[in-house]
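Presented below is the structure to which this report refers.
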Amino acid sequence: MTENTPAIATADTYKRLGANPYRPWPARITSIQQLTPKEKLFELRIIDASVRDAFRHTAGQFVELSIFGVGEAPISISSAPSKQGFIELCIREAGTVTSAMHRMRAGDIVGLRGPFGRGFPFDEMRGHDILLVAGGLGIAPLKSLINHIHDERHEFGKVTILLGARSPKEILFRQEFDMWRHREDFDLQMTVDIPDDDWDGEVGLVTKLFDALEVDPENTYGAICGPPVMYRFVVAEMRKKDLDVDRIYVSFERRMKCGIGKCCHCGVGHKYACIDGPVFSYWEAMNLKEAM
Amino acid sequence: MFFKIIDKESIVDLYAGLAAEYDEVTGPKTSPKDPRYVKFGKIRDASQLRLDYKTSIVPPKKYFLAADERLMRYDRTTGEVYDTEPPLQTRALIGVHPCDINAILMLDDIFLNEFEDPYYKVYRENTFIVGVSCMPSPTCTCNSFGADEVHRGFDLFLSDLGDRWFVSVRSVKAAAIVDRYLDAREVTADDTRAFQERTKRFKKALPKRMDLDQLPLLYDAKYDYPLWEDIGKDCLSCGACSVVCPCCYCFDVRDTLSADGRVGKRHRVWDSCLASEFAEVAHNHNFRPKAADRVRYRFYHKFVGNFTRNGKMLCVGCGRCTTACKAFIDPQRIVKALESEDTPASAGTRKGGGAQ
């Protein structure tokens with residue numbers, strides 16, 4: 001059960017607080033930032049101080065976001081674990097819950113449960129080079145990892161971030177990443193499918209960025225998140241660079257409804273994305289039916 | 001555990017005792033809609049009990065995992081959440097077959113693990129279970145799944161010895177009931193012999209055991225075989241099998257609002273992984289778009305998924321799905337299909353394997 005540690009940690013927290021794991025904790029929206037026409041970044045603060053203090057997440061974990069009267073949806077946490085007291089969620093307007101969230105204003109109350117699931121193996125990744133690949137909204141869970149690496153930058157070797165988006169307008173956290181392009185401690189590259197007149201970056205699929213990439217396979221961890229169709233192609237590129245199957249991590253999007261391994265909606269092979277994932281090593285993923 | 005003997009008629013005393021001690025007594029009774037069927041329902045008089053029933057339509061799991069359970073109420077404007085506990089009501093559940101008790105034990109593994117389900121827990125802790133022996137129906141395959149016998153998970157168990165009951169007393173609560181309400185006598189050598197004979201008769205009436213040792217491995221190995229397309233073509237995705245299955249437990253969570261929109265409630269309702277939108281995520285991406293994908297997943301979860309996690313297959317061979325399925329899909333058909341000489345359409349392909 002060691003591989004479930006973060007999920008178990010949350011179970012222990014719920015037990016310690018004597019809390020019902022289905023009960024959402026009221027949280028206030030403290031700020032909203034429109035990132036793209038379809039995505040907003042919400043900053044939330046759990047109202048109950050004891051719950052807020054007990055809320056500890058790792059990069060790659062998710063919360064169940066409640067809009068009272070509408071329902072719940074699983075959303076990955078974008079903020080770093082170090083940003084205590086506040087939780088950032090990058091949300092695309094897609095289904096009923098996320099659309100309702102987009103109609104919310106700063107100061108409004110929503111509900112949160114979690115953090116749930118198993119995130120990236122941060123401790124294991126320490127001391128290594130990191131290669132992160134995100135497509136579209138896939139940056140949401142990876143942003144937490146990037147922020148965490150940023151917090152402890154000296155603990156890591158070379159850090160490469162490859163971002164793919166459909167168009168320049170759809171690049172999430174673009175302002176921030178535009179500045180990062182000039183940093184020496186991060187190698188950040190962006191590519192879009194459809195450029196506009198101002199675009200000076202790469203054009204094409206994110207896999208294209210691998211051609212010129214130099215990777216030390218003995219010393220690199222890969223992390224991937226993006227639309228379902230992307231995984232296979234990006235994994236193939238990482239394998240071409242000789243990354244081991246158990247050093248490549250993928251984060252899966254599934255329909256986690258309960259977050260605690262009961263409702264079965266997020267079943268992947270014999271595992272549940274909500275307690276065994278959503279982050280899996282590629283080795284685990286390739287041994288799970290219907291995973292990729 | 002100790003044993004006692006009571007007369008057949010003493011069931012009236014048992015009922016009276018349980019009715020005095022518990023808020024509600026439920027058990028198998030003739031379905032008011034169709035006298036050919038037996039369903040679990042509220043028992044108001046011992047004469048309603050049909051302890052010689054074959055199989056109930058819906059299993060007694062409904063008393064632990066309700067078809068529609070209110071999880072909480074909330075105030076939409078303040079985010080205040082209340083009524084997060086199920087109504088505390090004690091219940092005696094009489095007449096549960098060994099297969100169904102074994103199924104409850106499997107649900108325990110899932111709902112009482114490190115993430116305890118508070119609703120299930122309250123129902124489980126406040127329910128007194130009386131098991132009852134049975135004789136197999138033609139659809140029963142409990143012995144293939146090791147569910148024909150049960151050694152725990154009940155308070156009291158009644159084995160039918162014709163004119164008397166051989167009573168297994170498993171819990172302190174049960175010992176108190178026996179002590180207070182039943183005119184029970186000690187077991188004699190004759191009673192034990194009669195019990196042995198009954199067990200022998202029962203075992204003899206069971207069908208030939210299926211050999212399931214290879215099943216999980218075989219399932220994994222034949223996951224991409226065309227047999228799933230064949231079965232999927234038949235499946236109506238109606239989910240009737242999930243409703244009647246004592247080991248199926250998946251659910252959907254729904255919110256409903258009051259007319260003025262101020263307060264609302266969240267509840268969970270039984271679901272089925274055969275429902276087309278079960279594994280759908282944003283932007284209508286569906287991880288199991290075809291009926292074949294879903295029926296394959298349902299049995300995979302039962303025979304491989306839970307087996308890998310908990311060491312148990314999520315099936316007790318009760319035969320309810322055999323009766324409920326209009327497309328003749330049941331565990332026996334799955335086992336037979338997997339054992340048949342089937343060949344994959346394109347040998348050696350593996351979905352998603354691109355990078356090995």
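Chain labels follow the order of the structure tokens: the first chain is A, the next B, and so on; residue numbering restarts at 1 in every chain, and ligands are counted from 1 in their shown order.
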Apply DSSP to the backbone of this structure and, from stretch 43-292 of chain A, keep only the residues in helix (DSSP H, G or I); write these as a PyMOL selection string. chain A and resi 49-54+96-102+122-125+136-151+153-155+168-170+174-180+206-210+217-219+230-240+245-247+282-286
What would the file look like if the residues just selected were written as a compact mmCIF listing (two decimals), in the first residue's frame with C-alpha atoms?
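After the write, result-v5.txt holds the following:
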```txt
# COMPACT_ATOMS: atom_id res chain seq x y z
CA ALA A 49 -9.28 27.37 9.88
CA SER A 50 -8.66 23.90 11.31
CA VAL A 51 -9.59 22.26 8.02
CA ARG A 52 -7.52 24.78 6.10
CA ASP A 53 -4.47 23.96 8.21
CA ALA A 54 -5.04 20.23 7.80
CA THR A 96 -22.28 21.81 -15.92
CA VAL A 97 -20.14 22.23 -12.81
CA THR A 98 -17.26 24.03 -14.53
CA SER A 99 -19.69 26.30 -16.40
CA ALA A 100 -21.40 27.16 -13.12
CA MET A 101 -17.97 27.86 -11.62
CA HIS A 102 -17.25 30.29 -14.45
CA PHE A 122 8.36 14.48 -5.90
CA ASP A 123 10.85 13.02 -3.42
CA GLU A 124 11.96 10.43 -5.94
CA MET A 125 12.33 13.11 -8.63
CA GLY A 136 -3.63 22.32 -23.50
CA LEU A 137 -5.32 22.12 -20.12
CA GLY A 138 -2.80 19.39 -19.16
CA ILE A 139 -0.71 22.19 -17.70
CA ALA A 140 -3.17 22.47 -14.77
CA PRO A 141 -1.80 19.56 -12.70
CA LEU A 142 1.74 20.08 -14.01
CA LYS A 143 1.67 23.70 -12.88
CA SER A 144 1.65 22.51 -9.29
CA LEU A 145 4.71 20.37 -9.99
CA ILE A 146 6.45 23.22 -11.82
CA ASN A 147 5.74 25.58 -8.93
CA HIS A 148 7.02 23.02 -6.44
CA ILE A 149 10.21 22.48 -8.45
CA HIS A 150 10.56 26.26 -8.66
CA ASP A 151 10.36 26.44 -4.85
CA ARG A 153 15.01 24.72 -7.77
CA HIS A 154 18.48 23.98 -6.32
CA GLU A 155 17.43 20.38 -5.66
CA PRO A 168 -1.30 31.39 -28.88
CA LYS A 169 -4.53 32.69 -27.31
CA GLU A 170 -5.11 29.32 -25.71
CA ARG A 174 1.12 32.67 -20.90
CA GLN A 175 2.26 35.91 -19.28
CA GLU A 176 4.15 33.98 -16.63
CA PHE A 177 5.64 31.51 -19.09
CA ASP A 178 6.61 34.25 -21.54
CA MET A 179 8.87 35.62 -18.83
CA TRP A 180 10.20 32.17 -18.05
CA VAL A 206 4.51 19.23 -29.04
CA THR A 207 6.35 16.09 -30.14
CA LYS A 208 8.22 18.25 -32.65
CA LEU A 209 10.07 19.93 -29.77
CA PHE A 210 11.78 16.63 -28.99
CA PRO A 217 18.28 9.21 -19.92
CA GLU A 218 20.08 7.91 -16.84
CA ASN A 219 19.19 10.98 -14.86
CA MET A 230 -1.43 12.99 -26.70
CA TYR A 231 0.01 10.44 -24.27
CA ARG A 232 0.96 7.73 -26.69
CA PHE A 233 2.90 10.06 -28.95
CA VAL A 234 4.74 11.88 -26.19
CA VAL A 235 5.61 8.63 -24.41
CA ALA A 236 7.01 7.35 -27.71
CA GLU A 237 9.27 10.42 -27.95
CA MET A 238 10.46 9.96 -24.38
CA ARG A 239 11.17 6.29 -25.06
CA LYS A 240 13.18 7.33 -28.12
CA VAL A 245 9.23 3.20 -18.46
CA ASP A 246 9.18 3.67 -14.70
CA ARG A 247 10.69 7.16 -14.92
CA TYR A 282 4.10 4.63 -17.64
CA TRP A 283 5.05 1.14 -16.49
CA GLU A 284 1.88 1.00 -14.41
CA ALA A 285 -0.18 2.58 -17.17
CA MET A 286 0.95 0.14 -19.85
```
What residues in chain A have any atom no more than 6 Å from chain B when counting only C-alpha atoms, and can you write them as a PyMOL selection string? chain A and resi 11+26+68-71+236+255+263-265+270+292
B:Asp211: which residues within 12 Å, counting only C-alpha atoms, same-chain residues fewer than 6 positions away excluded, as a compact mmCIF listing (two decimals) with N, CA, C and O atoms, in the first residue's frame?
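What follows is the written file result-v5.txt:
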```txt
# COMPACT_ATOMS: atom_id res chain seq x y z
N THR B 141 -24.76 -20.75 -8.78
CA THR B 141 -23.39 -21.25 -8.97
C THR B 141 -22.52 -20.81 -7.80
O THR B 141 -21.31 -20.62 -7.95
N ASN B 143 -21.27 -22.27 -5.32
CA ASN B 143 -20.13 -23.12 -4.95
C ASN B 143 -18.89 -22.83 -5.80
O ASN B 143 -17.77 -23.01 -5.36
N SER B 144 -19.09 -22.34 -7.03
CA SER B 144 -17.93 -22.01 -7.86
C SER B 144 -17.18 -20.80 -7.30
O SER B 144 -16.01 -20.61 -7.57
N PHE B 145 -17.89 -19.97 -6.56
CA PHE B 145 -17.28 -18.75 -6.03
C PHE B 145 -17.03 -18.83 -4.52
O PHE B 145 -16.76 -17.82 -3.88
N GLY B 146 -17.13 -20.04 -3.99
CA GLY B 146 -16.87 -20.23 -2.56
C GLY B 146 -17.88 -19.50 -1.69
O GLY B 146 -17.57 -19.12 -0.56
N GLN B 332 -21.46 -17.36 -16.20
CA GLN B 332 -21.15 -18.65 -16.85
C GLN B 332 -20.81 -18.45 -18.32
O GLN B 332 -19.90 -19.09 -18.85
N VAL B 335 -17.31 -17.04 -18.57
CA VAL B 335 -16.29 -18.06 -18.31
C VAL B 335 -16.17 -18.99 -19.52
O VAL B 335 -15.06 -19.29 -19.97
N LYS B 336 -17.31 -19.40 -20.07
CA LYS B 336 -17.28 -20.30 -21.23
C LYS B 336 -16.63 -19.62 -22.42
O LYS B 336 -15.82 -20.23 -23.14
N GLU B 339 -12.97 -19.55 -22.07
CA GLU B 339 -12.34 -20.86 -22.18
C GLU B 339 -12.41 -21.42 -23.59
O GLU B 339 -11.71 -22.37 -23.92
```
Name the residues of stretch 48-288 of chain A that fall into strand (DSSP E or B) according to DSSP on the backbone, using the chain letters and numbers of this document, as a ChimeraX atom specification. /A:62-67,71-77,87-92,109-116,118,129-135,159-165,187-192,202-203,220-225,248-251,267-268,271-272,278-281
Surrounding residues of B:Ser56 excluding itself and chain neighbours under 4 positions, 7 Å, only C-alpha atoms, as an MDAnalysis selection string: chainID B and resid 38:40
With a distance cut-off of 9 Å and only C-alpha atoms, select the neighbouring residues of B:Asp68, excluding the residue or stretch itself and same-chain residues fewer than 2 positions from it, and output the selection as an mmCIF file with N, CA, C and O atoms, in the first residue's frame.
```cif
data_model
loop_
_atom_site.group_PDB
_atom_site.id
_atom_site.type_symbol
_atom_site.label_atom_id
_atom_site.label_comp_id
_atom_site.auth_asym_id
_atom_site.auth_seq_id
_atom_site.Cartn_x
_atom_site.Cartn_y
_atom_site.Cartn_z
ATOM 1 N N LEU B 65 -26.584 -0.137 1.175
ATOM 2 C CA LEU B 65 -26.276 0.818 0.122
ATOM 3 C C LEU B 65 -27.618 1.086 -0.564
ATOM 4 O O LEU B 65 -28.017 0.347 -1.453
ATOM 5 N N ALA B 66 -28.300 2.117 -0.089
ATOM 6 C CA ALA B 66 -29.650 2.368 -0.570
ATOM 7 C C ALA B 66 -29.649 2.767 -2.038
ATOM 8 O O ALA B 66 -28.696 3.377 -2.519
ATOM 9 N N ARG B 70 -29.747 9.944 0.631
ATOM 10 C CA ARG B 70 -29.424 11.357 0.776
ATOM 11 C C ARG B 70 -28.120 11.479 1.552
ATOM 12 O O ARG B 70 -27.985 10.941 2.642
ATOM 13 N N HIS B 267 -27.565 13.563 -3.216
ATOM 14 C CA HIS B 267 -27.797 12.160 -2.929
ATOM 15 C C HIS B 267 -27.033 11.281 -3.889
ATOM 16 O O HIS B 267 -26.570 11.723 -4.930
ATOM 17 N N ARG B 268 -26.905 10.035 -3.483
ATOM 18 C CA ARG B 268 -26.258 9.091 -4.394
ATOM 19 C C ARG B 268 -27.271 8.035 -4.787
ATOM 20 O O ARG B 268 -28.096 7.616 -3.981
ATOM 21 N N VAL B 269 -27.188 7.644 -6.031
ATOM 22 C CA VAL B 269 -28.127 6.654 -6.558
ATOM 23 C C VAL B 269 -27.341 5.526 -7.219
ATOM 24 O O VAL B 269 -26.234 5.737 -7.714
ATOM 25 N N TRP B 270 -27.908 4.348 -7.204
ATOM 26 C CA TRP B 270 -27.267 3.222 -7.875
ATOM 27 C C TRP B 270 -26.993 3.581 -9.326
ATOM 28 O O TRP B 270 -27.803 4.229 -9.988
#
```
So that I can see what lies close to B:Ser137, please list as a PyMOL selection string the residues with an atom at most 12 Å from it, counting only C-alpha atoms and leaving out residues fewer than 3 positions away in the same chain. chain B and resi 52-56+134+140-142+202+205-207+317-320+322-323
Residue among A:Ser251, A:Thr10, A:Ser78, A:Gln33 lying closest to A:Ala59, counting only C-alpha atoms: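 Selected residue with least distance to A:Ala59: A:Ser78.
Residues within 12 Å of B:Thr192, counting only C-alpha atoms and excluding same-chain residues fewer than 6 positions away, are B:Phe3, B:Lys4, B:Ile5, B:Ser159, B:Leu161, B:Trp165, B:Phe166, B:Val167, B:Ser168, B:Glu186, B:Arg198, B:Thr199.
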